[in-house]
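protein.txt follows; it contains compact mmCIF, C-alpha atoms and all ligand atoms.
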# COMPACT_ATOMS: atom_id res chain seq x y z
CA MET A 1 52.67 25.61 67.59
CA GLU A 2 52.99 28.88 65.72
CA THR A 3 49.87 30.96 65.17
CA TYR A 4 49.21 33.41 62.37
CA PRO A 5 46.57 35.90 63.46
CA GLY A 6 43.90 36.49 60.83
CA LYS A 7 45.25 33.75 58.58
CA LYS A 8 44.04 30.21 57.95
CA LYS A 9 46.74 27.58 58.01
CA THR A 10 46.63 26.15 54.51
CA ALA A 11 47.90 23.04 52.76
CA VAL A 12 48.14 23.01 48.96
CA PHE A 13 47.91 19.68 47.13
CA ILE A 14 49.61 19.45 43.72
CA SER A 15 50.60 16.81 41.18
CA GLY A 16 52.91 18.60 38.76
CA ARG A 17 54.15 21.96 37.54
CA GLY A 18 52.61 23.99 40.37
CA SER A 19 51.88 27.27 38.62
CA ASN A 20 48.65 27.68 40.60
CA LEU A 21 50.61 26.90 43.74
CA LYS A 22 52.95 29.76 42.81
CA SER A 23 50.06 32.18 42.46
CA LEU A 24 48.70 31.08 45.87
CA ILE A 25 52.13 31.50 47.48
CA LYS A 26 52.40 34.98 45.97
CA TYR A 27 48.98 35.88 47.38
CA SER A 28 49.77 34.36 50.78
CA LYS A 29 52.78 36.63 51.15
CA LYS A 30 50.63 39.75 50.88
CA LYS A 31 50.10 41.49 54.19
CA ASN A 32 46.31 41.29 53.99
CA SER A 33 46.05 37.75 52.66
CA LEU A 34 43.83 35.39 54.62
CA ILE A 35 46.07 32.33 54.39
CA LYS A 36 49.47 31.12 55.50
CA ILE A 37 50.69 28.18 53.42
CA ILE A 38 52.22 25.73 55.85
CA LEU A 39 52.45 22.58 53.79
CA VAL A 40 52.52 21.39 50.17
CA ILE A 41 51.54 17.78 49.57
CA SER A 42 51.92 15.82 46.36
CA ASN A 43 51.01 12.36 45.11
CA ASN A 44 54.02 12.75 42.81
CA PRO A 45 57.33 13.14 44.66
CA ASP A 46 58.93 14.48 41.44
CA ALA A 47 56.38 17.29 41.01
CA GLU A 48 58.13 20.45 39.86
CA GLY A 49 55.97 22.50 42.25
CA LEU A 50 57.50 20.77 45.28
CA LYS A 51 60.90 22.25 44.42
CA TYR A 52 59.41 25.72 44.24
CA ALA A 53 57.63 25.22 47.58
CA SER A 54 60.78 24.13 49.26
CA ARG A 55 62.69 27.09 47.86
CA SER A 56 59.92 29.21 49.41
CA LYS A 57 60.67 27.53 52.77
CA ILE A 58 57.38 25.66 52.89
CA LYS A 59 57.30 22.11 54.22
CA ILE A 60 56.76 19.53 51.50
CA TYR A 61 55.55 15.97 51.46
CA GLY A 62 55.55 13.73 48.40
CA ASN A 63 54.19 10.21 48.42
CA LYS A 64 53.14 8.15 45.42
CA ASN A 65 52.01 5.17 47.44
CA LYS A 66 48.32 4.87 46.59
CA SER A 67 47.33 2.89 49.63
CA ASN A 68 48.78 5.12 52.33
CA PHE A 69 48.80 8.56 50.68
CA GLU A 70 45.56 9.68 52.30
CA ASN A 71 46.29 8.38 55.79
CA LYS A 72 49.79 9.84 55.89
CA SER A 73 48.48 13.15 54.56
CA LEU A 74 45.71 13.23 57.18
CA LYS A 75 48.29 12.75 59.92
CA LEU A 76 50.33 15.70 58.62
CA LEU A 77 47.24 17.89 58.28
CA GLU A 78 46.43 17.15 61.88
CA LYS A 79 50.00 17.63 63.05
CA PHE A 80 50.20 21.10 61.50
CA ASN A 81 46.66 21.97 62.49
CA ILE A 82 45.65 22.78 58.92
CA ASP A 83 42.37 24.72 58.49
CA LEU A 84 42.02 24.71 54.71
CA ILE A 85 43.16 22.60 51.75
CA CYS A 86 43.56 24.09 48.28
CA LEU A 87 43.82 21.53 45.50
CA ALA A 88 45.86 23.08 42.70
CA GLY A 89 46.43 20.81 39.72
CA PHE A 90 45.99 17.82 42.01
CA MET A 91 45.15 14.93 39.72
CA LYS A 92 44.12 12.32 42.27
CA ILE A 93 40.53 11.95 43.43
CA LEU A 94 40.25 12.21 47.21
CA SER A 95 38.04 9.59 48.83
CA GLY A 96 34.86 10.39 50.73
CA ASN A 97 36.57 9.01 53.78
CA PHE A 98 39.39 11.56 53.47
CA ILE A 99 36.96 14.46 52.99
CA LYS A 100 34.94 13.36 56.03
CA LYS A 101 37.98 12.85 58.22
CA PHE A 102 39.59 16.19 57.35
CA SER A 103 36.22 17.84 58.12
CA LYS A 104 37.39 21.36 57.19
CA PRO A 105 36.97 23.08 53.82
CA ILE A 106 38.70 21.82 50.68
CA LEU A 107 38.75 24.00 47.55
CA ASN A 108 39.64 22.98 44.00
CA ILE A 109 40.40 24.76 40.74
CA HIS A 110 38.90 23.22 37.63
CA PRO A 111 39.66 24.36 34.08
CA SER A 112 36.07 24.70 32.81
CA LEU A 113 32.95 26.70 33.42
CA LEU A 114 31.37 24.23 35.83
CA PRO A 115 28.92 22.53 35.78
CA LYS A 116 30.14 22.05 32.21
CA TYR A 117 32.92 19.54 31.58
CA LYS A 118 33.60 17.86 34.87
CA GLY A 119 36.61 15.53 34.78
CA LEU A 120 39.42 15.56 32.23
CA ASN A 121 40.09 17.04 28.76
CA THR A 122 37.91 20.08 29.37
CA HIS A 123 39.41 22.29 26.64
CA GLU A 124 39.23 19.56 24.04
CA ARG A 125 35.55 19.07 24.78
CA ALA A 126 34.77 22.80 24.74
CA ILE A 127 36.43 23.19 21.32
CA LYS A 128 34.77 20.08 19.94
CA ASN A 129 31.35 21.37 21.01
CA LYS A 130 32.08 24.72 19.36
CA ASP A 131 31.49 26.56 22.64
CA ARG A 132 31.95 30.33 22.49
CA PHE A 133 33.47 30.48 25.98
CA ALA A 134 35.77 28.43 28.15
CA GLY A 135 37.02 29.31 31.60
CA ALA A 136 37.98 28.22 35.07
CA SER A 137 36.06 27.63 38.29
CA ILE A 138 36.99 27.41 41.95
CA HIS A 139 34.62 25.21 43.88
CA LYS A 140 34.23 23.48 47.20
CA VAL A 141 35.20 19.83 47.15
CA THR A 142 32.53 17.30 48.01
CA GLU A 143 32.38 13.56 47.54
CA LYS A 144 30.95 14.05 44.05
CA LEU A 145 33.67 14.92 41.52
CA ASP A 146 33.81 18.61 40.49
CA SER A 147 30.29 19.16 41.80
CA GLY A 148 30.60 21.26 44.98
CA LYS A 149 29.39 24.85 45.21
CA VAL A 150 31.16 27.20 42.80
CA ILE A 151 32.85 30.09 44.60
CA LEU A 152 34.17 32.00 41.61
CA GLN A 153 34.53 31.52 37.90
CA LYS A 154 35.79 33.52 34.95
CA LYS A 155 35.26 33.13 31.23
CA VAL A 156 37.54 33.51 28.24
CA LYS A 157 36.44 33.67 24.62
CA ILE A 158 37.22 30.71 22.39
CA LEU A 159 38.43 32.08 19.08
CA LYS A 160 38.17 30.21 15.78
CA SER A 161 41.96 30.14 15.74
CA ASP A 162 42.21 28.49 19.18
CA ASN A 163 43.46 24.96 19.69
CA VAL A 164 43.73 22.96 22.92
CA ARG A 165 47.16 24.40 23.70
CA SER A 166 46.31 28.03 23.09
CA LEU A 167 43.10 27.71 25.06
CA GLU A 168 44.89 25.97 27.90
CA LYS A 169 47.34 28.87 28.06
CA LYS A 170 44.58 31.49 28.16
CA VAL A 171 42.63 29.63 30.81
CA LEU A 172 45.72 29.03 32.95
CA LYS A 173 46.31 32.78 33.04
CA ILE A 174 42.85 33.38 34.50
CA GLU A 175 43.31 30.45 36.88
CA HIS A 176 46.26 32.27 38.42
CA GLU A 177 44.16 35.38 38.71
CA ILE A 178 41.02 33.90 40.24
CA TYR A 179 42.30 31.27 42.69
CA PRO A 180 43.65 33.83 45.19
CA LYS A 181 40.49 35.92 44.72
CA ALA A 182 38.28 32.90 45.35
CA VAL A 183 40.20 31.95 48.50
CA ASP A 184 39.76 35.49 49.77
CA LYS A 185 36.06 35.51 48.92
CA PHE A 186 35.46 32.11 50.49
CA LEU A 187 37.25 32.93 53.74
CA THR A 188 35.64 36.37 54.02
CA ASN A 189 32.20 34.80 53.78
CA LEU A 190 32.84 31.92 56.20
C1 LIG A 201 45.54 23.52 35.80
O1 LIG A 201 45.03 23.84 34.54
C2 LIG A 201 44.45 23.00 36.68
O2 LIG A 201 43.23 23.65 36.53
C3 LIG A 201 44.36 21.59 36.16
O3 LIG A 201 45.70 21.19 36.01
C4 LIG A 201 46.48 22.33 35.70
C5 LIG A 201 47.59 22.38 36.71
O4 LIG A 201 48.55 23.36 36.48
N1 LIG A 201 43.54 20.76 36.97
P1 LIG A 201 49.60 23.76 37.57
O5 LIG A 201 50.23 22.51 38.16
O6 LIG A 201 48.91 24.59 38.62
O7 LIG A 201 50.63 24.57 36.83

Would you give me this structure, written as structure tokens?
Ligand code: GRF
Amino acid sequence: METYPGKKKTAVFISGRGSNLKSLIKYSKKKNSLIKIILVISNNPDAEGLKYASRSKIKIYGNKNKSNFENKSLKLLEKFNIDLICLAGFMKILSGNFIKKFSKPILNIHPSLLPKYKGLNTHERAIKNKDRFAGASIHKVTEKLDSGKVILQKKVKILKSDNVRSLEKKVLKIEHEIYPKAVDKFLTNL
């Protein structure tokens, strides 16, 4: 089994486009990064991000079978001796059983200023409530949805002219910026 001194073996879980995955891959290739991405797992075998991962020579695994997704993934995580999972646009809720069995840290990126707007349609809700700020948060994953300790978050202003799409675009930009930073911060403070 290959070792990567100073780097945590990381699996990224995605469901679609994979732009956050791209920003994590970019970070992982830096000399001083604290992760090596070994595996990308998806609950959607057609996820665009899987193609990018495979072009980056990272092992991929796609499985849309609800009943065995977690068990098969756990086997792979064990096989590759994965130390850290980063959920990046992963739209499936992991069970408590999975979190317990993996037993190592799992991080997630959520497009809101947690604890505000857990769950879906975060930008829509922020605009509807006339919030002045939206943003993104990286947090530890626990059994309770979007409720684990926040590692890093960043705000963006909601302008009067913003709609869900424009806000989504602005927030996505900061997501790409803060996920690598949060991973670094989290692993430095372990
Ligand atoms: C991101 O906004 C993420 O926060 C949300 O889903 C989106 C995924 O985008 N949960 P991508 O697949 O990383 O491009």

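Each of A:Leu120, A:Cys86, A:Ala47, A:Leu21 was compared to Leu145 (chain A) using only C-alpha atoms, and A:Leu120 turns out to be the nearest.
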
message: Give me, as a ChimeraX atom specification, all polymer residues having an atom no more than 12 Å from Arg17 (chain A), counting all atoms listed in the file and skipping those fewer than 6 positions away in the same chain.
response: /A:42,44-53,88-91,172

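Reported to one decimal place, the separation of CA of Lys157 (chain A) from CA of Leu187 (chain A) is 29.1 Å.
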
Nearest-residue call for Phe80 (chain A), choices A:Ser28, A:Thr10, A:Ser161, A:Ser166, using all atoms listed in the file: A:Thr10

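When all atoms listed in the file are used to compute distances to Lys36 (chain A), the closest of the residues A:Lys7, A:His139, A:Lys155, A:Lys149 turns out to be A:Lys7.
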
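CA of Ile127 (chain A) is positioned 19.9 Å from CA of Ile109 (chain A).
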
Residues near Glu78 (chain A), anyone? I mean within 12 Å using only C-alpha atoms, not counting same-chain ones fewer than 4 positions away, as a short mmCIF file (atom, residue, chain, number, x, y, z; two decimals) with C-alpha atoms, in the coordinates of the input.
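Final output, saved to part-v2.cif:
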data_model
loop_
_atom_site.label_atom_id
_atom_site.label_comp_id
_atom_site.auth_asym_id
_atom_site.auth_seq_id
_atom_site.Cartn_x
_atom_site.Cartn_y
_atom_site.Cartn_z
CA MET A 1 52.67 25.61 67.59
CA LYS A 9 46.74 27.58 58.01
CA THR A 10 46.63 26.15 54.51
CA ALA A 11 47.90 23.04 52.76
CA ILE A 38 52.22 25.73 55.85
CA LEU A 39 52.45 22.58 53.79
CA ASN A 71 46.29 8.38 55.79
CA LYS A 72 49.79 9.84 55.89
CA SER A 73 48.48 13.15 54.56
CA LEU A 74 45.71 13.23 57.18
CA ILE A 82 45.65 22.78 58.92
CA ASP A 83 42.37 24.72 58.49
CA LEU A 84 42.02 24.71 54.71
CA ILE A 85 43.16 22.60 51.75
CA LYS A 101 37.98 12.85 58.22
CA PHE A 102 39.59 16.19 57.35
CA SER A 103 36.22 17.84 58.12
CA LYS A 104 37.39 21.36 57.19
#

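With only C-alpha atoms and all ligand atoms as the atoms that count, the residue of A:Phe98, A:Phe13, A:Phe69, A:Phe133 with the shortest distance to ligand LIG 201 (chain A) is A:Phe13.
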
query: Taking into account all atoms listed in the file, which residue in the set A:Tyr61, A:Ser54, A:Gly18, A:Lys173 is nearest to Leu76 (chain A)?
result: A:Tyr61

Quick one: axis-aligned box around all listed atoms of ligand LIG 201 (chain A), 4 Å on every side, centre and edge lengths in Å to one decimal, written as lines of an AutoDock Vina configuration file.
center_x = 46.9
center_y = 22.7
center_z = 36.6
size_x = 15.4
size_y = 11.8
size_z = 12.1
